[in-house]
>>> print(open('query31.cif').read())   # mmCIF, C-alpha atoms
data_protein
loop_
_atom_site.label_atom_id
_atom_site.label_comp_id
_atom_site.auth_asym_id
_atom_site.auth_seq_id
_atom_site.Cartn_x
_atom_site.Cartn_y
_atom_site.Cartn_z
CA MET A 418 -54.15 36.76 36.94
CA LEU A 419 -53.75 35.65 33.30
CA THR A 420 -54.14 38.12 30.44
CA ARG A 421 -55.35 37.19 26.95
CA VAL A 422 -53.37 38.02 23.80
CA CYS A 423 -55.29 37.71 20.50
CA GLY A 424 -57.80 35.34 22.02
CA LYS A 425 -55.12 33.22 23.77
CA SER A 426 -54.08 33.18 27.38
CA GLU A 427 -50.54 34.18 28.39
CA SER A 428 -49.70 30.60 29.41
CA GLN A 429 -50.80 29.21 26.01
CA TYR A 430 -48.72 31.85 24.23
CA THR A 431 -45.67 30.96 26.36
CA HIS A 432 -46.06 27.22 25.67
CA GLU A 433 -46.36 27.79 21.91
CA ALA A 434 -43.25 29.99 21.91
CA MET A 435 -41.27 27.35 23.78
CA ALA A 436 -42.49 24.63 21.37
CA GLU A 437 -41.48 26.78 18.39
CA HIS A 438 -38.06 27.37 19.92
CA GLY A 439 -37.63 23.61 20.57
CA ALA A 440 -38.64 22.79 16.99
CA HIS A 441 -36.07 25.27 15.73
CA ILE A 442 -33.32 23.62 17.79
CA THR A 443 -34.29 20.15 16.54
CA THR A 444 -34.35 21.29 12.92
CA ALA A 445 -30.94 22.92 13.28
CA SER A 446 -29.43 19.79 14.76
CA VAL A 447 -30.85 17.62 11.97
CA ALA A 448 -29.64 20.00 9.28
CA ASP A 449 -26.16 19.93 10.73
CA ASP A 450 -24.95 16.79 8.92
CA GLN A 451 -21.27 17.21 9.76
CA PRO A 452 -19.92 13.92 11.20
CA SER A 453 -18.03 13.78 14.47
CA ILE A 454 -14.26 13.46 14.70
CA PHE A 455 -14.70 9.84 15.86
CA GLU A 456 -16.56 8.91 12.68
CA VAL A 457 -14.06 10.49 10.30
CA VAL A 458 -11.04 9.05 12.14
CA ALA A 459 -12.66 5.60 12.17
CA GLN A 460 -13.25 5.64 8.41
CA ASP A 461 -9.68 6.84 7.83
CA SER A 462 -8.25 4.00 9.89
CA LEU A 463 -10.34 1.40 8.05
CA MET A 464 -8.50 1.70 4.71
CA THR A 465 -5.12 2.01 6.42
CA ALA A 466 -5.86 -1.32 8.12
CA VAL A 467 -6.82 -3.08 4.88
CA ARG A 468 -3.45 -2.63 3.15
CA PRO A 469 -1.12 -4.26 5.76
CA ALA A 470 -3.58 -7.10 6.32
CA LEU A 471 -3.76 -7.92 2.60
CA GLN A 472 0.00 -7.51 2.37
CA HIS A 473 0.48 -10.16 5.04
CA VAL A 474 -1.88 -12.55 3.23
CA VAL A 475 0.07 -12.08 -0.02
CA LYS A 476 3.37 -12.57 1.82
CA VAL A 477 2.18 -15.89 3.26
CA LEU A 478 1.06 -17.05 -0.20
CA ALA A 479 4.35 -15.98 -1.80
CA GLU A 480 6.43 -17.76 0.84
CA SER A 481 4.35 -20.94 0.59
CA ASN A 482 4.56 -21.10 -3.23
CA PRO A 483 7.02 -18.58 -4.74
CA THR A 484 6.61 -19.97 -8.27
CA HIS A 485 2.88 -19.26 -8.52
CA TYR A 486 2.41 -16.36 -6.10
CA GLY A 487 5.80 -14.67 -6.06
CA PHE A 488 4.68 -12.04 -8.57
CA LEU A 489 1.90 -10.98 -6.20
CA TRP A 490 4.52 -9.99 -3.62
CA ARG A 491 6.83 -8.31 -6.14
CA TRP A 492 4.01 -6.24 -7.65
CA PHE A 493 1.85 -5.89 -4.55
CA ASP A 494 1.84 -2.07 -4.56
CA GLU A 495 0.72 -1.86 -8.19
CA ILE A 496 -1.89 -4.63 -7.87
CA PHE A 497 -3.32 -3.13 -4.67
CA THR A 498 -3.45 0.32 -6.28
CA LEU A 499 -5.33 -1.05 -9.31
CA LEU A 500 -7.87 -2.89 -7.12
CA ASP A 501 -8.21 0.18 -4.89
CA LEU A 502 -8.87 2.28 -7.99
CA LEU A 503 -11.69 -0.04 -9.11
CA VAL A 504 -13.30 -0.10 -5.65
CA GLN A 505 -13.06 3.64 -5.01
CA GLN A 506 -14.32 4.55 -8.50
CA HIS A 507 -17.25 2.16 -8.03
CA TYR A 508 -18.28 3.75 -4.71
CA LEU A 509 -17.60 7.37 -5.67
CA SER A 510 -19.69 7.12 -8.83
CA ARG A 511 -22.58 5.26 -7.17
CA THR A 512 -22.66 6.42 -3.55
CA SER A 513 -20.72 9.74 -3.61
CA ALA A 514 -18.32 8.28 -1.03
CA SER A 515 -15.24 6.13 -0.77
CA PHE A 516 -15.53 2.54 0.44
CA SER A 517 -14.70 3.39 4.06
CA GLU A 518 -16.88 6.52 4.07
CA ASN A 519 -19.87 4.57 2.75
CA PHE A 520 -19.21 1.84 5.32
CA TYR A 521 -19.69 4.42 8.09
CA GLY A 522 -22.75 6.06 6.51
CA LEU A 523 -21.01 9.15 5.15
CA LYS A 524 -20.97 10.87 1.76
CA ARG A 525 -18.95 13.51 -0.06
CA ILE A 526 -20.65 16.86 -0.64
CA VAL A 527 -19.36 19.32 -3.22
CA MET A 528 -18.12 22.52 -1.59
CA GLY A 529 -20.48 25.43 -2.09
CA ASP A 530 -23.64 23.31 -2.31
CA THR A 531 -26.35 24.47 0.04
CA HIS A 532 -28.55 22.07 1.96
CA LYS A 533 -31.35 22.41 -0.62
CA SER A 534 -29.12 22.04 -3.71
CA GLN A 535 -27.24 18.97 -2.50
CA ARG A 536 -27.22 16.00 -4.88
CA LEU A 537 -28.46 12.66 -3.66
CA ALA A 538 -25.69 10.23 -2.82
CA SER A 539 -26.98 7.78 -5.45
CA ALA A 540 -26.26 10.35 -8.20
CA GLY A 541 -22.51 10.05 -7.61
CA LEU A 542 -19.95 12.82 -7.55
CA PRO A 543 -19.50 15.18 -10.52
CA LYS A 544 -16.63 14.16 -12.79
CA LYS A 545 -14.31 16.92 -11.61
CA GLN A 546 -14.65 16.10 -7.91
CA LEU A 547 -14.70 12.35 -8.68
CA TRP A 548 -11.28 12.34 -10.36
CA LYS A 549 -9.83 14.67 -7.75
CA SER A 550 -11.07 12.29 -5.06
CA ILE A 551 -9.52 9.31 -6.87
CA MET A 552 -6.21 11.16 -7.08
CA VAL A 553 -6.07 11.81 -3.32
CA LEU A 554 -7.53 8.42 -2.34
CA VAL A 555 -5.49 6.18 -4.65
CA LEU A 556 -2.57 7.96 -6.30
CA LEU A 557 -1.20 9.90 -3.31
CA PRO A 558 -1.03 6.83 -0.99
CA TYR A 559 0.75 4.88 -3.76
CA LEU A 560 3.33 7.64 -4.24
CA LYS A 561 3.81 7.92 -0.46
CA VAL A 562 4.48 4.17 -0.15
CA LYS A 563 6.99 4.30 -3.02
CA LEU A 564 8.72 7.31 -1.47
CA GLU A 565 9.03 5.55 1.89
CA LYS A 566 10.52 2.48 0.22
CA LEU A 567 12.98 4.68 -1.68
CA VAL A 568 14.04 6.40 1.54
CA SER A 569 14.44 3.03 3.27
CA SER A 570 16.64 1.67 0.47
CA LEU A 571 18.75 4.82 0.37
CA ARG A 572 19.25 4.70 4.14
CA GLU A 573 20.26 1.05 3.93
CA GLU A 574 22.73 1.72 1.14
CA ASP A 575 24.13 4.73 2.98
CA GLU A 576 24.49 2.76 6.21
CA TYR A 577 26.28 -0.21 4.65
CA SER A 578 28.23 1.71 2.01
CA ILE A 579 32.02 1.44 2.26
CA HIS A 580 32.68 4.46 0.05
CA PRO A 581 32.37 8.07 1.28
CA PRO A 582 30.16 10.38 -0.81
CA SER A 583 32.27 11.67 -3.64
CA SER A 584 29.73 12.81 -6.18
CA HIS A 585 27.05 15.50 -6.21
CA TRP A 586 24.35 12.79 -6.43
CA LYS A 587 25.46 11.11 -3.21
CA ARG A 588 25.63 14.44 -1.44
CA PHE A 589 22.14 15.21 -2.70
CA TYR A 590 20.55 11.99 -1.49
CA ARG A 591 22.27 12.30 1.89
CA ALA A 592 20.78 15.78 2.21
CA PHE A 593 17.45 14.30 1.12
CA LEU A 594 17.68 11.61 3.81
CA ALA A 595 18.46 14.26 6.42
CA ALA A 596 15.54 16.48 5.37
CA TYR A 597 12.92 13.74 4.86
CA PRO A 598 12.05 13.26 8.60
CA PHE A 599 11.37 16.98 8.97
CA VAL A 600 9.25 17.08 5.79
CA ASN A 601 7.29 14.04 6.97
CA MET A 602 6.81 15.63 10.41
CA ALA A 603 5.50 18.82 8.78
CA TRP A 604 3.09 16.74 6.65
CA GLU A 605 1.74 14.84 9.66
CA GLY A 606 1.57 18.07 11.67
CA TRP A 607 -0.52 19.67 8.93
CA PHE A 608 -3.07 16.86 9.28
CA LEU A 609 -3.02 17.12 13.08
CA VAL A 610 -3.65 20.88 13.02
CA GLN A 611 -6.50 20.38 10.55
CA GLN A 612 -8.10 17.77 12.83
CA LEU A 613 -7.81 20.10 15.82
CA ARG A 614 -9.47 22.90 13.84
CA TYR A 615 -12.22 20.45 12.85
CA ILE A 616 -12.79 19.46 16.49
CA LEU A 617 -13.03 23.13 17.51
CA GLY A 618 -15.51 23.85 14.70
CA LYS A 619 -13.12 26.14 12.82
CA ALA A 620 -12.94 23.99 9.67
CA GLN A 621 -15.30 21.92 7.53
CA HIS A 622 -12.61 19.35 6.70
CA HIS A 623 -10.74 17.04 9.03
CA SER A 624 -8.17 16.37 6.30
CA PRO A 625 -6.46 18.77 3.86
CA LEU A 626 -6.93 16.17 1.13
CA LEU A 627 -10.70 16.71 1.20
CA ARG A 628 -10.15 20.41 0.56
CA LEU A 629 -7.88 19.56 -2.37
CA ALA A 630 -10.67 17.38 -3.78
CA GLY A 631 -13.21 20.20 -3.37
CA VAL A 632 -15.55 18.21 -1.13
CA ARG A 633 -16.53 17.85 2.51
CA LEU A 634 -17.98 14.92 4.44
CA GLY A 635 -21.60 14.70 5.57
CA ARG A 636 -23.92 12.03 6.92
CA LEU A 637 -26.31 10.13 4.67
CA THR A 638 -29.88 11.42 4.89
CA VAL A 639 -33.05 9.37 4.80
CA GLN A 640 -33.56 10.38 1.16
CA ASP A 641 -30.01 9.21 0.33
CA ILE A 642 -30.57 5.81 1.94
CA GLN A 643 -33.88 5.31 0.15
CA ALA A 644 -32.36 6.32 -3.19
CA LEU A 645 -29.41 3.95 -2.71
CA GLU A 646 -31.75 1.07 -1.87
CA HIS A 647 -33.95 1.63 -4.94
CA LYS A 648 -31.13 2.39 -7.39
CA PRO A 649 -30.29 -1.23 -8.43
CA ALA A 650 -33.94 -2.02 -9.21
CA LYS A 651 -34.37 1.22 -11.16
CA ALA A 652 -31.16 0.58 -13.14
CA SER A 653 -32.30 -2.91 -14.16
CA MET A 654 -35.69 -1.57 -15.30
CA MET A 655 -34.17 1.25 -17.35
CA GLN A 656 -31.50 -0.91 -18.99
CA GLN A 657 -31.97 -1.17 -22.75
CA PRO A 658 -30.36 -3.67 -25.12
CA ALA A 659 -27.34 -2.32 -27.00
CA ARG A 660 -27.89 -1.72 -30.69
CA SER A 661 -24.49 -1.76 -32.38
CA VAL A 662 -21.47 -4.01 -31.87
CA SER A 663 -19.43 -1.18 -30.31
CA GLU A 664 -22.22 -0.43 -27.86
CA LYS A 665 -22.40 -4.12 -26.95
CA MET A 666 -18.65 -4.23 -26.36
CA LYS A 667 -18.76 -1.07 -24.23
CA SER A 668 -21.70 -2.45 -22.27
CA ALA A 669 -19.94 -5.79 -21.71
CA LEU A 670 -16.72 -4.05 -20.62
CA LYS A 671 -18.64 -1.77 -18.27
CA LYS A 672 -20.46 -4.78 -16.78
CA ALA A 673 -17.18 -6.67 -16.33
CA VAL A 674 -15.45 -3.76 -14.60
CA GLY A 675 -18.54 -3.09 -12.50
CA GLY A 676 -18.76 -6.78 -11.56
CA VAL A 677 -15.11 -6.88 -10.49
CA ALA A 678 -15.52 -3.67 -8.48
CA LEU A 679 -18.74 -4.96 -6.89
CA SER A 680 -17.19 -8.30 -5.95
CA LEU A 681 -14.16 -6.56 -4.47
CA SER A 682 -16.30 -4.12 -2.49
CA THR A 683 -18.55 -6.95 -1.27
CA GLY A 684 -15.54 -9.00 -0.23
CA LEU A 685 -14.08 -6.03 1.62
CA SER A 686 -17.39 -5.35 3.35
CA VAL A 687 -17.62 -8.96 4.51
CA GLY A 688 -13.97 -9.31 5.51
CA VAL A 689 -13.33 -5.87 6.94
CA PHE A 690 -13.43 -7.05 10.55
CA PHE A 691 -11.21 -10.02 9.74
CA LEU A 692 -8.73 -7.67 8.03
CA GLN A 693 -8.72 -5.34 11.02
CA PHE A 694 -8.05 -8.32 13.28
CA LEU A 695 -5.12 -9.35 11.08
CA ASP A 696 -3.75 -5.82 11.16
CA TRP A 697 -3.93 -5.81 14.97
CA TRP A 698 -2.45 -9.30 15.28
CA TYR A 699 0.53 -8.49 13.10
CA SER A 700 1.10 -4.98 14.42
CA SER A 701 4.47 -4.01 15.88
CA GLU A 702 3.18 -4.30 19.46
CA ASN A 703 2.44 -8.00 18.97
CA GLN A 704 5.51 -8.97 16.93
CA GLU A 705 7.51 -10.15 19.95
CA THR A 706 4.65 -12.35 21.14
CA ILE A 707 4.14 -13.78 17.67
CA LYS A 708 7.85 -14.50 17.26
CA SER A 709 7.97 -16.31 20.59
CA LEU A 710 4.94 -18.43 19.62
CA THR A 711 5.98 -19.20 16.05
CA ALA A 712 9.78 -19.25 16.41
CA LEU A 713 11.46 -22.21 14.73
CA PRO A 714 14.66 -23.88 15.95
CA THR A 715 17.92 -22.66 14.44
CA PRO A 716 18.63 -24.71 11.29
CA PRO A 717 21.85 -26.76 11.19
CA PRO A 718 24.76 -25.58 9.03
CA PRO A 719 24.78 -26.78 5.40
CA VAL A 720 26.11 -30.32 5.14
CA HIS A 721 26.26 -30.65 1.37
CA LEU A 722 29.43 -28.50 1.26
CA ASP A 723 32.11 -29.70 3.68
CA TYR A 724 34.95 -27.28 4.37
CA ASN A 725 37.52 -30.05 3.76
CA SER A 726 35.93 -31.11 0.49
CA ASP A 727 37.48 -30.54 -2.90
CA SER A 728 34.87 -27.98 -3.94
CA PRO A 729 36.49 -25.24 -6.06
CA LEU A 730 34.32 -22.66 -4.26
CA LEU A 731 36.09 -23.10 -0.94
CA PRO A 732 39.77 -22.26 -0.38
CA LYS A 733 42.06 -24.68 1.46
CA MET A 734 43.16 -22.08 4.00
CA LYS A 735 40.56 -21.08 6.60
CA THR A 736 41.84 -17.50 6.65
CA VAL A 737 41.36 -16.98 2.89
CA CYS A 738 38.28 -15.27 1.45
CA PRO A 739 36.36 -17.57 -0.97
CA LEU A 740 35.74 -14.62 -3.31
CA CYS A 741 39.06 -12.78 -3.69
CA ARG A 742 41.25 -15.79 -2.68
CA LYS A 743 43.34 -13.56 -0.43
CA THR A 744 43.73 -13.31 3.32
CA ARG A 745 40.46 -11.92 4.68
CA VAL A 746 40.20 -8.25 5.64
CA ASN A 747 37.38 -7.12 7.95
CA ASP A 748 35.96 -10.61 8.47
CA THR A 749 32.24 -10.69 7.78
CA VAL A 750 29.91 -13.68 8.13
CA LEU A 751 26.66 -14.29 6.27
CA ALA A 752 23.87 -15.05 8.74
CA THR A 753 22.04 -17.13 6.12
CA SER A 754 24.87 -19.62 5.49
CA GLY A 755 27.61 -19.14 8.11
CA TYR A 756 30.50 -18.62 5.69
CA VAL A 757 33.06 -15.84 6.27
CA PHE A 758 34.36 -13.39 3.64
CA CYS A 759 36.04 -10.02 3.32
CA TYR A 760 33.53 -7.29 4.02
CA ARG A 761 34.19 -5.44 0.76
CA CYS A 762 33.97 -8.63 -1.34
CA VAL A 763 30.77 -10.02 0.15
CA PHE A 764 29.05 -6.62 0.31
CA HIS A 765 29.40 -6.05 -3.44
CA TYR A 766 28.45 -9.65 -4.25
CA VAL A 767 25.32 -9.71 -2.08
CA ARG A 768 24.16 -6.31 -3.29
CA SER A 769 24.48 -7.49 -6.91
CA HIS A 770 23.21 -11.09 -6.64
CA GLN A 771 21.11 -11.19 -3.42
CA ALA A 772 22.52 -14.66 -2.68
CA CYS A 773 25.30 -16.37 -0.75
CA PRO A 774 28.33 -16.99 -3.03
CA ILE A 775 28.81 -20.52 -1.67
CA THR A 776 25.36 -21.96 -0.99
CA GLY A 777 23.21 -19.76 -3.20
CA TYR A 778 20.83 -19.10 -0.31
CA PRO A 779 18.76 -15.87 -0.74
CA THR A 780 20.62 -13.14 1.15
CA GLU A 781 20.25 -9.40 1.74
CA VAL A 782 22.74 -6.77 2.83
CA GLN A 783 21.31 -6.72 6.35
CA HIS A 784 22.39 -10.36 6.78
CA LEU A 785 26.08 -9.29 6.85
CA ILE A 786 27.60 -9.52 10.33
CA LYS A 787 31.09 -8.22 11.00
CA LEU A 788 33.35 -10.36 13.17
CA TYR A 789 35.77 -8.90 15.69
CA SER A 790 38.76 -10.84 16.99
CA PRO A 791 39.94 -10.49 20.62
CA GLU A 792 42.96 -8.52 19.37
CA ASN A 793 40.66 -5.83 17.95
#
>>> encode(input="query31.cif", output="structure tokens")
Amino acid sequence: MLTRVCGKSESQYTHEAMAEHGAHITTASVADDQPSIFEVVAQDSLMTAVRPALQHVVKVLAESNPTHYGFLWRWFDEIFTLLDLLVQQHYLSRTSASFSENFYGLKRIVMGDTHKSQRLASAGLPKKQLWKSIMVLVLLPYLKVKLEKLVSSLREEDEYSIHPPSSHWKRFYRAFLAAYPFVNMAWEGWFLVQQLRYILGKAQHHSPLLRLAGVRLGRLTVQDIQALEHKPAKASMMQQPARSVSEKMKSALKKAVGGVALSLSTGLSVGVFFLQFLDWWYSSENQETIKSLTALPTPPPPVHLDYNSDSPLLPKMKTVCPLCRKTRVNDTVLATSGYVFCYRCVFHYVRSHQACPITGYPTEVQHLIKLYSPEN
């Protein structure tokens, strides 16, 4: 037997309560704009894939034509950082997100903003959060790459050095080399712990760098997408001709920088899958396969310098070092040319000139190979 409550039956009242409860759940899920761990990890991996892929393209160009493209390889880190700065500034000021975050439909939200007071993505980030984001997106990766290269060069010098550490500086950098792996492990562990806290719902950031920038990631709303779609048309309608010469110059410079940033971002958007494919193809797991497919036959020894010739670079005795003109000590061969020297002589020469003393072929310290006689 059904009772009536305020003119409604008990069943109608129950259905309305369940509908209200279901609407509340739906609204809560829509308001929760926090992206999943898969989305944030995917956008992080996108930019890390772009750098090695572009680096390989530049390396191929530099090796094919060192005269015209060699500077691109020598200054790759600085050029990439400058282009990255233009792209990230363009996206952060126009979409409130980095390139990879915008690619996955995310935006940066200033910490402390409630759902009602959130800015539209088309308004861009405030200047304070924008420059903090640029620092952690562009400057920190550049410094990390430079630090890794410094550590690699110090390790190489320490490994091939023939002098024991005798100064405070050498002791310091050896201590630095010993401590760097632990510091790097602590840095990576910090990020891993933050991601675990994000997965468990204990943190609003999957990365400590977002907290340093004073922002968190959220999904684009319908209003954000509509505003981003209508922004170019609105900007062209509101554009007014510059009055003074300085205003014209500023406007032209702003258009040029914006055009470069837009072309770079468009090119990245179009080629992002191709760049990811290049990164996978030239990853460490595929290097052995690539080497076996693209390996070239061993080149013949140089014929323009015969050992029995009268060249002043080569001694008459086969046991004499071409550099010090004395009997060789610790025989060492250069893999790039095949000539044998004293280890001490050729090490100092190659480190200073990056070339073979006889042939002039480009040579690095890692091309030194010590020879051992059967007596030793």
>>> atom_distance(input="query31.cif", atom1="CA of Phe516 (chain A)", atom2="CA of Ser624 (chain A)")
16.7 Å
>>> atom_distance(input="query31.cif", atom1="CA of Asp641 (chain A)", atom2="CA of Gln621 (chain A)")
20.7 Å
>>> residues_around(input="query31.cif", residues="Ile775 (chain A)", least_positions_apart="2", cutoff="8 Å", atoms="only C-alpha atoms", output="list in words")
Leu730, Leu731, Tyr756, Cys773 and Gly777 of chain A
>>> residues_around(input="query31.cif", residues="Val767 (chain A)", least_positions_apart="3", cutoff="9 Å", atoms="all atoms listed in the file", output="list in words")
Cys762, Val763, Phe764, His770, Gln771, Ala772, Cys773, Pro774, Thr780, Glu781, Val782 and Leu785 of chain A
>>> resolve_selection(input="query31.cif", expression="the PyMOL selection byres ((chain A and resi 786) around 8)", output="PyMOL selection string")
chain A and resi 749-752+783-785+787-788
>>> closest_residue(input="query31.cif", among="A:Gln460, A:Val562, A:His485, A:Gly635", to="Leu523 (chain A)", atoms="all atoms listed in the file")
A:Gly635
>>> resolve_selection(input="query31.cif", expression="the PyMOL selection byres ((chain A and resi 596-604) around 12)", output="MDAnalysis selection string")
chainID A and resid 561 564:565 567:569 571:572 589:595 605:611 624:626
>>> resolve_selection(input="query31.cif", expression="the PyMOL selection byres ((chain A and resi 559) around 12)", output="PyMOL selection string")
chain A and resi 468+493-499+501-502+551-558+560-566
>>> residues_around(input="query31.cif", residues="Leu637 (chain A)", least_positions_apart="6", cutoff="12 Å", atoms="all atoms listed in the file", output="count of residues only")
26
>>> axis_aligned_box(input="query31.cif", around="region 498-503 of chain A", padding_each_side="8 Å", output="lines of an AutoDock Vina configuration file")
center_x = -7.6
center_y = -0.3
center_z = -7.1
size_x = 24.2
size_y = 21.2
size_z = 20.4
>>> atom_distance(input="query31.cif", atom1="CA of Glu574 (chain A)", atom2="CA of Leu478 (chain A)")
28.7 Å
>>> residues_near_point(input="query31.cif", point="(-14.4, 20.8, 9.0)", cutoff="10 Å", atoms="all atoms listed in the file", output="NGL selection string")
:A and (451-454 or 611-625 or 627-628 or 633-634)
>>> closest_residue(input="query31.cif", among="A:Phe488, A:Val757, A:Pro732, A:Ala459", to="Lys476 (chain A)", atoms="all atoms listed in the file")
A:Phe488
>>> decode(input="query31.cif", residues="region 602-614 of chain A", atoms="N, CA, C and O atoms", output="CSV table (one decimal), in the first residue's frame")
chain,number,residue,atom,x,y,z
A,602,MET,N,69.7,9.8,-8.8
A,602,MET,CA,68.7,8.8,-8.3
A,602,MET,C,67.7,9.5,-7.4
A,602,MET,O,66.5,9.2,-7.4
A,603,ALA,N,68.2,10.4,-6.5
A,603,ALA,CA,67.2,11.0,-5.6
A,603,ALA,C,66.3,11.9,-6.4
A,603,ALA,O,65.1,12.0,-6.1
A,604,TRP,N,66.8,12.6,-7.4
A,604,TRP,CA,65.9,13.5,-8.3
A,604,TRP,C,64.8,12.6,-9.0
A,604,TRP,O,63.7,13.0,-8.9
A,605,GLU,N,65.2,11.5,-9.6
A,605,GLU,CA,64.3,10.7,-10.3
A,605,GLU,C,63.3,10.0,-9.3
A,605,GLU,O,62.1,9.9,-9.5
A,606,GLY,N,63.8,9.7,-8.1
A,606,GLY,CA,62.9,9.1,-7.1
A,606,GLY,C,61.9,10.1,-6.6
A,606,GLY,O,60.8,9.7,-6.2
A,607,TRP,N,62.3,11.4,-6.5
A,607,TRP,CA,61.3,12.4,-6.1
A,607,TRP,C,60.2,12.5,-7.1
A,607,TRP,O,59.0,12.6,-6.7
A,608,PHE,N,60.5,12.4,-8.4
A,608,PHE,CA,59.4,12.4,-9.4
A,608,PHE,C,58.5,11.1,-9.3
A,608,PHE,O,57.3,11.2,-9.5
A,609,LEU,N,59.2,10.0,-9.0
A,609,LEU,CA,58.4,8.7,-8.9
A,609,LEU,C,57.5,8.8,-7.7
A,609,LEU,O,56.3,8.4,-7.9
A,610,VAL,N,57.9,9.3,-6.6
A,610,VAL,CA,57.1,9.4,-5.4
A,610,VAL,C,55.9,10.3,-5.7
A,610,VAL,O,54.8,10.0,-5.3
A,611,GLN,N,56.2,11.4,-6.4
A,611,GLN,CA,55.1,12.4,-6.7
A,611,GLN,C,54.1,11.7,-7.6
A,611,GLN,O,52.9,12.0,-7.4
A,612,GLN,N,54.5,10.9,-8.5
A,612,GLN,CA,53.6,10.3,-9.4
A,612,GLN,C,52.7,9.2,-8.7
A,612,GLN,O,51.5,9.1,-8.9
A,613,LEU,N,53.3,8.5,-7.8
A,613,LEU,CA,52.6,7.6,-7.0
A,613,LEU,C,51.5,8.3,-6.1
A,613,LEU,O,50.4,7.8,-6.0
A,614,ARG,N,51.9,9.4,-5.5
A,614,ARG,CA,51.0,10.2,-4.7
A,614,ARG,C,49.8,10.7,-5.6
A,614,ARG,O,48.7,10.7,-5.2
